[in-house]
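Q: Take this structure first; my questions come after.
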Protein chains: 2
Amino acid sequence: MATINETMHTDHQPSEVPLTPLSMLDWAVTVYPDHPAIIHGDRVTSYAQYAARCRRLASALQARGIAPGQTVATVLPNIPPMLEAHFGVPMAGCVLNTINTRLDARTIGFIIDHGEADALLTDTEFAPMVREALEHCQRSPLVIDVDDPEGPGGERLGSIEYEALVAEGDPGFRWQWPESEWDSISLNYTSGTTGNPKGALYHHRGAHQGAYSNIIACEMGRHPVYLWTLPMFHCNGWRFPWTLPAVAGTSVCLRRVEPAAIFDAIGRHKVSHFCGAPLVLNMLSSAPEAKTARFEQTITAYTGGAAPPAAVIGALEAMGIHVIHLYGLTETYGPSHYCAWKTAWDTLPLEEQARRAARQGVRYLSIEESIVADADTLEPVPMDGETMGEIMVRGNSVMTGYLKNPTATAEAFRGGWYHTGDLAVWHPDGYLEIRDRAKDVIISGGENISTIEVEDALYNHPAVLECAVVAAPSERWGETPCAVIALRPDVGAPSAKDIVAFCRERLAGFKIPRHVLFDDLPKTSTGKIQKFVLRERVQELRDEQMVR
Amino acid sequence: MATINETMHTDHQPSEVPLTPLSMLDWAVTVYPDHPAIIHGDRVTSYAQYAARCRRLASALQARGIAPGQTVATVLPNIPPMLEAHFGVPMAGCVLNTINTRLDARTIGFIIDHGEADALLTDTEFAPMVREALEHCQRSPLVIDVDDPEGPGGERLGSIEYEALVAEGDPGFRWQWPESEWDSISLNYTSGTTGNPKGALYHHRGAHQGAYSNIIACEMGRHPVYLWTLPMFHCNGWRFPWTLPAVAGTSVCLRRVEPAAIFDAIGRHKVSHFCGAPLVLNMLSSAPEAKTARFEQTITAYTGGAAPPAAVIGALEAMGIHVIHLYGLTETYGPSHYCAWKTAWDTLPLEEQARRAARQGVRYLSIEESIVADADTLEPVPMDGETMGEIMVRGNSVMTGYLKNPTATAEAFRGGWYHTGDLAVWHPDGYLEIRDRAKDVIISGGENISTIEVEDALYNHPAVLECAVVAAPSERWGETPCAVIALRPDVGAPSAKDIVAFCRERLAGFKIPRHVLFDDLPKTSTGKIQKFVLRERVQELRDEQMVR
């Protein structure tokens with residue numbers, strides 16, 4: 001006899017409506033039309049105005065010949081047109097490609113060509129670089145200049161300014177639901193440390209689920225106030241442009257990430273949430289304002305990458321800013337894991353709180369499964385806080401794949417799991433903690449050394465501003481850790497021997513750096529340390545140069 | 001040239017994982033294993049224990065021969081086994097059919113047969129009725145008696161008690177992801193006022209999306225405490241069994257809905273949210289405890305059906321309980337609309353607040369589209385607060401269809417919209433307000449009369465405890481409104497003439513009841529007034545009996 005599921009399965013599910021974050025803006029404009037959606041300088045845009053502008057943008061793009069399925073790229077800071085593009089572009093059925101404004105012209109040109117952009121929204125501040133990028137590339141997208149009143153001005157490269165384009169559009173434009181929820185909503189290029197960037201495609205379904213999971217992870221009630229310290233060109237601002245309408249939140253825009261402007265915005269607009277790189281938190285904790293700033297509202301800051309030191313967390317907590325650590329990749333629409341706070345931690349000493357909170361934690365709800373496992377056998381490692389494995393995930397907020405790169409896509413998804421390339425241990429409480437990028441791990445005398453663990457130890461030294469640990473060649477050990485350290489200008493400079501002695505108190509013998517170089521650290525345009533450059537730099541080191 | 005979407009569409013989406021609320025319990029048990037999931041009497045069950053018991057239940061059902069796709073029915077009050085069934089049954093790949101414990105034996109027997117139950121979890125309190133139901137029906141499901149320590153005891157009908165069954169199971173049982181997210185997770189019979197009930201099937205996807213949308217609508221942060229005043233057999237407890245793990249909430253069970261027990265639980269367990277019929281709120285507002293109870297925490301109560309009068313809302317607000325009005329149907333997994341509160345209403349007079357809050361409001365986010373439209377042309381009515389239309393929805397938390405009833409399913413979804421059968425007006429602010437069930441509307445002298453509007457007017461009379469307005473035949477008018485009123489025992493009894501005079505001040509002439517009867521109101525087992533019984537009762541009325 002047929003089961004219920006067999007009797008009820010049909011090709012057409014009457015309740016099927018493709019999942020898309022576009023429906024969230026429609027909701028917000030119905031329920032909270034007068035609530036501020038965007039604040040930029042002195043300008044406040046209500047949800048009714050926001051939605052109307054997005055519809056105008058969609059309709060104007062279509063009228064200018066940009067067809068469904070085509071790509072609209074942006075080179076924009078965190079300003080209202082960037083938020084509007086997150087809805088207006090998919091409302092036109094198009095794919096949004098937000099390009100990192102810190103990239104070089106050659107790479108921007110590559111992305112415009114590879115992503116097949118047919119239109120480009122570009123802020124006049126970046127005109128010189130974008131002009132060069134357009135000279136580099138084969139395509140000739142429709143160029144729309146954004147001349148932000150809060151911006152520095154600059155040359156216009158295209159035939160129309162953004163406000164004029166928006167004015168051409170129809171505020172009553174009825175956007176089309178995506179045909180399939182697996183249709184692409186956006187295209188995000190990885191900031192690979194080597195080679196050309198790869199284009200990760202996000203689908204409507206993943207954007208929708210990822211937006212929901214933000215609400216839960218960030219415990220967002222009605223009307224959060226979100227400050228844009230995280231570039232929206234990073235993984236679509238970790239999905240927050242799509243999240244905020246679902247809770248009728250307010251976006252506070254910010255052209256530049258500067259402590260004075262951030263403190264001012266937090267106080268003036270009663271900011272409740274912001275995200276940013278560890279650098280942003282460092283900057284805030286060491287700014288002169290940090291000594292006196294005390295905010296009344298509850299503020300939560302989300303940060304990825306290296307966990308902030310306890311001192312930074314302490315300084316922020318004193319101001320009323322609670323820090324949550326998270327982890328993710330371009331391929332997972334930004335954050336896939338976060339260090340969910342436990343009430344029991346409230347009463348722990350600050351150092352112990354910082355230690356627990358520094359872990360990458362647990363999956364977002366839009367990542368259905370997360371394991372730390374052997375990269376080849378896919379066998380999960382024991383939850384012992386010791387055994388390293390690769391972080392692998394399955395879930396709805398994982399990319400569709402890399403655009404025009406089936407080989408890299410198949411490699412990334414081998415065995416049915418998305419392989420992050422990050423090595424972690426799994427703690428007994430189910431929280432994971434990253435030990436290294438798979439390709440960064442050092443194998444010395446047969447032992448795996450987590451460069452992150454060594455770097456964490458080094459960061460405890462008061463004179464260390466930034467550091468990176470990479471493998472130096474060693475006749476004796478195969479590889480051996482070499483520390484490259486940028487020193488704080490205002491603290492007495494330690495010697496290489498001092499650093500080694502400092503590490504000896506904190507690390508197992510085989511993990512102690514055998515070489516210590518004091519130097520600046522090479523970085524990508526997105527601020528990632530380029531370890532491959534350092535690895536080349538240390539190739540000449542020999543065992544006889546080791547610190548003794 | 002192919003668009004990005006065309007190049008990336010494949011049969012297999014590597015990021016596709018079927019949406020199911022089961023993954024939420026897995027999340028909770030990883031992140032908050034020690035947090036209380038269920039409180040029942042003095043017994044507290046942690047998330048780790050809860051998940052282990054659900055897995056045991058799933059594995060024990062499978063071991064007893066209950067196969068994926070088969071139906072497991074329940075006749076249970078709001079006790080831990082009912083929560084466990086919401087996860088354990090679908091973890092076994094089965095469909096959960098929670099039967100209303102207030103139904104008569106014949107109807108329960110009908111549902112067991114029609115829903116094809118292969119197992120039945122039944123509380124010993126209901127043994128006499130369930131024994132009779134099993135005698136009525138053709139099927140012989142595996143009967144599992146639940147002998148709740150907080151219950152009154154009673155006869156065991158089956159071969160095994162629930163705790164013994166759970167003990168048979170494997171706490172490490174690995175549940176299978178549903179093959180398709182459109183697979184059925186549960187089966188809920190409508191409490192139709194006439195004829196046999198129809199079985200609405202819910203799919204995993206809708207349960208998942210509906211669970212998320214509860215979090216947003218109810219503004220649930222981490223660790224809400226939810227009191228079970230709403231029967232879980234109603235639309236799977238409006239999805240809350242599936243919602244709570246996603247926010248690591250605590251369920252406070254309640255065998256019986258009594259004011260003393262409710263006040264005690266709210267105070268003792270710091271309840272933050274509860275749901276219930278208007279009757280529950282009435283009961284609380286008029287209980288002796290209401291005079292002194294003042295709660296510290298923020299409490300929100302959600303109620304469907306008739307909006308509570310301002311006096312009830314006022315009494316609850318004084319205790320610290322904020323009331324949100326909502327609307328939904330069995331076919332929409334419970335609530336599909338709620339009266340989203342606006343900050344601007346905070347400063348309005350209580351009467352005005354009550355008037356706005358009494359509307360059915362706006363869609364949940366898991367209902368992607370909601371219109372008030374002409375039932376035949378599907379043309380939306382103007383948002384004028386006057387023109388009546390039928391409420392129609394499209395969205396992911398709408399049922400798959402009626403089990404084994406393709407005709408009724410096709411009729412319910414005609415034109416691609418789910419037709420609720422409820423008539424409403426659409427206010428200029430986009431909030432809808434129900435005027436009547438389509439089949440209850442009275443057509444008098446060619447004018448449509450909303451019986452709800454007349455009932456609302458009557459409820460303002462201090463002596464009216466309950467009332468219903470139905471069509472009486474009229475030679476002159478075709479139909480004419482007849483009010484049937486149950487009076488409060490403690491207030492002086494008005495005459496029919498008094499009632500008519502009272503209505504004259506509040507209603508247009510053609511809406512004033514021409515007949516007024518003082519009588520008890522017939523109700524279904526779920527507390528719905530049976531208007532069809534009243535309609536039969538008033539068939540003998542004649543124009544010459546009208547109140548003058």
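Each chain in the structure tokens gets a letter, A, B and so on, in the order shown; residues start at 1 in every chain, and ligands are counted from 1 in the order they appear.
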Select from chain B every residue with an atom at most 6 Å from any atom of chain A, then for each give the shortest pair of atoms and their distance in Å to one decimal, using only C-alpha atoms, rows by chain and rising number, as CSV.

A:
```
residue,atom,partner,partner_atom,distance
B:Thr3,CA,A:Gly69,CA,5.1
B:Asn5,CA,A:Asp183,CA,5.7
B:Ser15,CA,A:Asn396,CA,5.3
B:Glu16,CA,A:Asn396,CA,5.7
B:Val17,CA,A:Gly395,CA,5.5
B:Thr30,CA,A:Gly430,CA,5.9
B:Gly69,CA,A:Thr3,CA,5.1
B:Asp183,CA,A:Asn5,CA,5.7
B:Glu219,CA,A:Gly221,CA,5.0
B:Gly221,CA,A:Glu219,CA,5.0
B:Gly395,CA,A:Ser15,CA,5.4
B:Asn396,CA,A:Ser15,CA,5.3
B:Val398,CA,A:Ser15,CA,5.3
B:Gly430,CA,A:Thr30,CA,5.9
```

Q: Generate the output file for the selected residues, N, CA and C atoms, as an mmCIF file, in the first residue's frame.

A:
```cif
data_model
loop_
_atom_site.group_PDB
_atom_site.id
_atom_site.type_symbol
_atom_site.label_atom_id
_atom_site.label_comp_id
_atom_site.auth_asym_id
_atom_site.auth_seq_id
_atom_site.Cartn_x
_atom_site.Cartn_y
_atom_site.Cartn_z
ATOM 1 N N THR B 3 22.728 32.678 -19.742
ATOM 2 C CA THR B 3 22.897 33.493 -18.539
ATOM 3 C C THR B 3 23.581 32.654 -17.470
ATOM 4 N N ASN B 5 22.453 31.870 -14.656
ATOM 5 C CA ASN B 5 21.553 30.865 -14.089
ATOM 6 C C ASN B 5 21.443 29.641 -14.982
ATOM 7 N N SER B 15 24.472 22.322 -2.562
ATOM 8 C CA SER B 15 24.131 22.875 -1.251
ATOM 9 C C SER B 15 22.721 22.502 -0.813
ATOM 10 N N GLU B 16 22.058 21.635 -1.574
ATOM 11 C CA GLU B 16 20.684 21.285 -1.211
ATOM 12 C C GLU B 16 20.653 20.304 -0.045
ATOM 13 N N VAL B 17 20.050 20.725 1.023
ATOM 14 C CA VAL B 17 19.741 19.845 2.143
ATOM 15 C C VAL B 17 18.264 20.095 2.429
ATOM 16 N N THR B 30 23.430 20.360 20.566
ATOM 17 C CA THR B 30 24.864 20.646 20.467
ATOM 18 C C THR B 30 25.226 21.868 21.301
ATOM 19 N N GLY B 69 6.961 6.637 6.437
ATOM 20 C CA GLY B 69 5.771 6.926 5.656
ATOM 21 C C GLY B 69 4.493 6.527 6.356
ATOM 22 N N ASP B 183 8.060 15.973 1.852
ATOM 23 C CA ASP B 183 7.484 14.830 2.567
ATOM 24 C C ASP B 183 6.656 15.331 3.748
ATOM 25 N N GLU B 219 9.137 37.745 18.290
ATOM 26 C CA GLU B 219 10.327 38.442 18.772
ATOM 27 C C GLU B 219 11.008 37.653 19.891
ATOM 28 N N GLY B 221 13.973 36.023 21.596
ATOM 29 C CA GLY B 221 15.421 35.975 21.703
ATOM 30 C C GLY B 221 15.838 34.603 22.210
ATOM 31 N N GLY B 395 2.090 30.514 -0.040
ATOM 32 C CA GLY B 395 3.275 30.510 0.790
ATOM 33 C C GLY B 395 3.673 29.142 1.247
ATOM 34 N N ASN B 396 4.856 29.126 1.842
ATOM 35 C CA ASN B 396 5.474 27.855 2.172
ATOM 36 C C ASN B 396 4.881 27.196 3.399
ATOM 37 N N VAL B 398 1.752 26.719 3.926
ATOM 38 C CA VAL B 398 0.392 26.321 3.567
ATOM 39 C C VAL B 398 0.452 24.805 3.336
ATOM 40 N N GLY B 430 -2.675 48.414 5.304
ATOM 41 C CA GLY B 430 -2.266 47.076 4.861
ATOM 42 C C GLY B 430 -2.646 45.974 5.831
#
```

Q: Which neighbours of B:Asp123 fall inside 9 Å, counting only C-alpha atoms, when residues of the same chain fewer than 6 positions from it are skipped, and could you give them as a list in words?

A: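 Counting only C-alpha atoms, the residues come to Thr74, Val75, Leu76, Pro77, Ile144, Asp145, Val146, Asp147, Asp148, Gly151, Gly153, Gly154 and Arg156 of chain B.
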
Q: Report as a list in words all protein, DNA and RNA residues lying within 10 Å of A:Ala357, evaluated on only C-alpha atoms, omitting residues in the same chain fewer than 6 positions from it.

A: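 Near A:Ala357, the qualifying residues are Ala307, Pro308, Ala310, Ile313, Val323, Ile324, His325, Leu326, Tyr338, Cys339, Ala340, Trp341, Lys342, Trp345 and Glu351 of chain A.
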
Q: Go through B:Cys54, B:Met232, B:Ile391, B:Leu96 and flag the residue nearest B:Tyr202, using only C-alpha atoms for the distances.

A: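 Nearest to B:Tyr202: B:Leu96.
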
Q: Would you compute the distance between atom CA of A:Val143 and atom CA of A:Leu120? Give it in Å to one decimal.

A: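 Distance between the two atoms: 4.9 Å.
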
Q: Name all residues at most 12 Å from A:Val130 (count only C-alpha atoms; drop same-chain ones fewer than 4 positions away) and give them as an MDAnalysis selection string.

A: chainID A and resid 73:76 99:112 120:126 134:137 141 143:145 154:158

Q: Store the residues picked out above, limited to N, CA and C atoms, as an mmCIF file, in the first residue's frame.

A:
```
data_model
loop_
_atom_site.group_PDB
_atom_site.id
_atom_site.type_symbol
_atom_site.label_atom_id
_atom_site.label_comp_id
_atom_site.auth_asym_id
_atom_site.auth_seq_id
_atom_site.Cartn_x
_atom_site.Cartn_y
_atom_site.Cartn_z
ATOM 1 N N ALA A 73 27.321 44.719 -11.644
ATOM 2 C CA ALA A 73 28.429 44.804 -10.699
ATOM 3 C C ALA A 73 28.414 46.156 -9.981
ATOM 4 N N THR A 74 29.068 46.196 -8.827
ATOM 5 C CA THR A 74 29.183 47.460 -8.087
ATOM 6 C C THR A 74 30.626 47.632 -7.617
ATOM 7 N N VAL A 75 31.060 48.892 -7.590
ATOM 8 C CA VAL A 75 32.284 49.271 -6.876
ATOM 9 C C VAL A 75 31.854 50.415 -5.965
ATOM 10 N N LEU A 76 31.355 50.046 -4.802
ATOM 11 C CA LEU A 76 30.677 51.007 -3.929
ATOM 12 C C LEU A 76 31.088 50.815 -2.472
ATOM 13 N N ILE A 99 31.891 44.232 -6.053
ATOM 14 C CA ILE A 99 33.347 44.101 -6.176
ATOM 15 C C ILE A 99 34.030 44.858 -5.039
ATOM 16 N N ASN A 100 35.048 44.236 -4.506
ATOM 17 C CA ASN A 100 35.848 44.800 -3.426
ATOM 18 C C ASN A 100 36.529 46.074 -3.909
ATOM 19 N N THR A 101 36.270 47.184 -3.242
ATOM 20 C CA THR A 101 36.807 48.473 -3.693
ATOM 21 C C THR A 101 38.305 48.599 -3.428
ATOM 22 N N ARG A 102 38.853 47.666 -2.656
ATOM 23 C CA ARG A 102 40.275 47.765 -2.335
ATOM 24 C C ARG A 102 41.142 46.974 -3.312
ATOM 25 N N LEU A 103 40.506 46.322 -4.290
ATOM 26 C CA LEU A 103 41.285 45.549 -5.258
ATOM 27 C C LEU A 103 42.014 46.480 -6.220
ATOM 28 N N ASP A 104 43.005 45.929 -6.895
ATOM 29 C CA ASP A 104 43.716 46.695 -7.919
ATOM 30 C C ASP A 104 42.899 46.680 -9.206
ATOM 31 N N ALA A 105 43.234 47.610 -10.092
ATOM 32 C CA ALA A 105 42.467 47.794 -11.333
ATOM 33 C C ALA A 105 42.473 46.529 -12.191
ATOM 34 N N ARG A 106 43.610 45.830 -12.240
ATOM 35 C CA ARG A 106 43.698 44.645 -13.078
ATOM 36 C C ARG A 106 42.690 43.583 -12.602
ATOM 37 N N THR A 107 42.641 43.391 -11.275
ATOM 38 C CA THR A 107 41.732 42.375 -10.737
ATOM 39 C C THR A 107 40.273 42.789 -10.938
ATOM 40 N N ILE A 108 39.988 44.066 -10.741
ATOM 41 C CA ILE A 108 38.610 44.523 -10.980
ATOM 42 C C ILE A 108 38.229 44.274 -12.437
ATOM 43 N N GLY A 109 39.146 44.557 -13.340
ATOM 44 C CA GLY A 109 38.899 44.288 -14.761
ATOM 45 C C GLY A 109 38.648 42.806 -15.010
ATOM 46 N N PHE A 110 39.448 41.973 -14.369
ATOM 47 C CA PHE A 110 39.257 40.526 -14.511
ATOM 48 C C PHE A 110 37.857 40.124 -14.058
ATOM 49 N N ILE A 111 37.435 40.658 -12.919
ATOM 50 C CA ILE A 111 36.125 40.278 -12.366
ATOM 51 C C ILE A 111 34.986 40.752 -13.271
ATOM 52 N N ILE A 112 35.112 41.969 -13.789
ATOM 53 C CA ILE A 112 34.062 42.473 -14.699
ATOM 54 C C ILE A 112 33.926 41.544 -15.904
ATOM 55 N N LEU A 120 27.408 48.507 -14.348
ATOM 56 C CA LEU A 120 28.364 48.726 -13.258
ATOM 57 C C LEU A 120 27.982 49.993 -12.516
ATOM 58 N N LEU A 121 27.720 49.853 -11.224
ATOM 59 C CA LEU A 121 27.480 51.013 -10.366
ATOM 60 C C LEU A 121 28.798 51.349 -9.679
ATOM 61 N N THR A 122 29.304 52.558 -9.899
ATOM 62 C CA THR A 122 30.625 52.882 -9.363
ATOM 63 C C THR A 122 30.620 54.238 -8.668
ATOM 64 N N ASP A 123 31.172 54.276 -7.479
ATOM 65 C CA ASP A 123 31.240 55.518 -6.707
ATOM 66 C C ASP A 123 32.347 56.400 -7.284
ATOM 67 N N THR A 124 32.077 57.689 -7.418
ATOM 68 C CA THR A 124 33.050 58.589 -8.055
ATOM 69 C C THR A 124 34.389 58.620 -7.314
ATOM 70 N N GLU A 125 34.402 58.290 -6.021
ATOM 71 C CA GLU A 125 35.666 58.249 -5.295
ATOM 72 C C GLU A 125 36.649 57.268 -5.950
ATOM 73 N N PHE A 126 36.111 56.212 -6.541
ATOM 74 C CA PHE A 126 36.979 55.170 -7.108
ATOM 75 C C PHE A 126 37.179 55.329 -8.620
ATOM 76 N N LEU A 134 38.319 49.454 -16.436
ATOM 77 C CA LEU A 134 37.512 49.353 -17.658
ATOM 78 C C LEU A 134 38.407 49.332 -18.898
ATOM 79 N N GLU A 135 39.553 50.005 -18.808
ATOM 80 C CA GLU A 135 40.505 49.943 -19.916
ATOM 81 C C GLU A 135 41.108 48.536 -20.040
ATOM 82 N N HIS A 136 41.287 47.901 -18.872
ATOM 83 C CA HIS A 136 41.857 46.548 -18.850
ATOM 84 C C HIS A 136 40.932 45.500 -19.444
ATOM 85 N N CYS A 137 39.611 45.700 -19.311
ATOM 86 C CA CYS A 137 38.737 44.567 -19.573
ATOM 87 C C CYS A 137 38.117 44.595 -20.953
ATOM 88 N N PRO A 141 30.408 47.434 -19.911
ATOM 89 C CA PRO A 141 29.119 47.498 -19.212
ATOM 90 C C PRO A 141 28.553 48.917 -19.233
ATOM 91 N N VAL A 143 27.833 51.988 -17.532
ATOM 92 C CA VAL A 143 28.449 52.524 -16.318
ATOM 93 C C VAL A 143 27.537 53.574 -15.699
ATOM 94 N N ILE A 144 27.191 53.358 -14.435
ATOM 95 C CA ILE A 144 26.323 54.286 -13.693
ATOM 96 C C ILE A 144 27.146 54.869 -12.548
ATOM 97 N N ASP A 145 27.384 56.174 -12.593
ATOM 98 C CA ASP A 145 28.185 56.813 -11.550
ATOM 99 C C ASP A 145 27.340 57.135 -10.334
ATOM 100 N N GLY A 154 34.350 63.538 -7.502
ATOM 101 C CA GLY A 154 35.273 62.842 -8.400
ATOM 102 C C GLY A 154 34.684 62.732 -9.788
ATOM 103 N N GLU A 155 35.481 62.178 -10.673
ATOM 104 C CA GLU A 155 35.109 62.111 -12.082
ATOM 105 C C GLU A 155 33.943 61.151 -12.317
ATOM 106 N N ARG A 156 33.073 61.504 -13.257
ATOM 107 C CA ARG A 156 32.022 60.572 -13.678
ATOM 108 C C ARG A 156 32.483 59.858 -14.944
ATOM 109 N N LEU A 157 32.361 58.553 -14.939
ATOM 110 C CA LEU A 157 32.896 57.747 -16.041
ATOM 111 C C LEU A 157 31.835 57.321 -17.040
ATOM 112 N N GLY A 158 30.568 57.317 -16.610
ATOM 113 C CA GLY A 158 29.523 56.736 -17.454
ATOM 114 C C GLY A 158 28.616 57.791 -18.047
#
```

Q: Could you tell me how far atom CA of A:Tyr50 sits from atom CA of A:Val89, in Å to one decimal place?

A: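 Distance reported for this atom pair: 13.5 Å.
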
Q: Can you tell me which residues surround stretch 267-275 of chain A at a distance of at most 9 Å, considering only C-alpha atoms, apart from same-chain residues fewer than 4 positions away, and format the answer as number ranges by chain?

A: A: 39, 218, 220, 224-230, 237-238, 250, 252, 262-263, 280, 293-304

Q: Mind checking which residues fall within 10 Å of stretch 485-500 of chain B, counting only C-alpha atoms, ignoring those fewer than 3 positions away in the same chain, and posting them as a ChimeraX atom specification?

A: /B:455,458-459,461-469,482,503-505,507,512-521,546-548
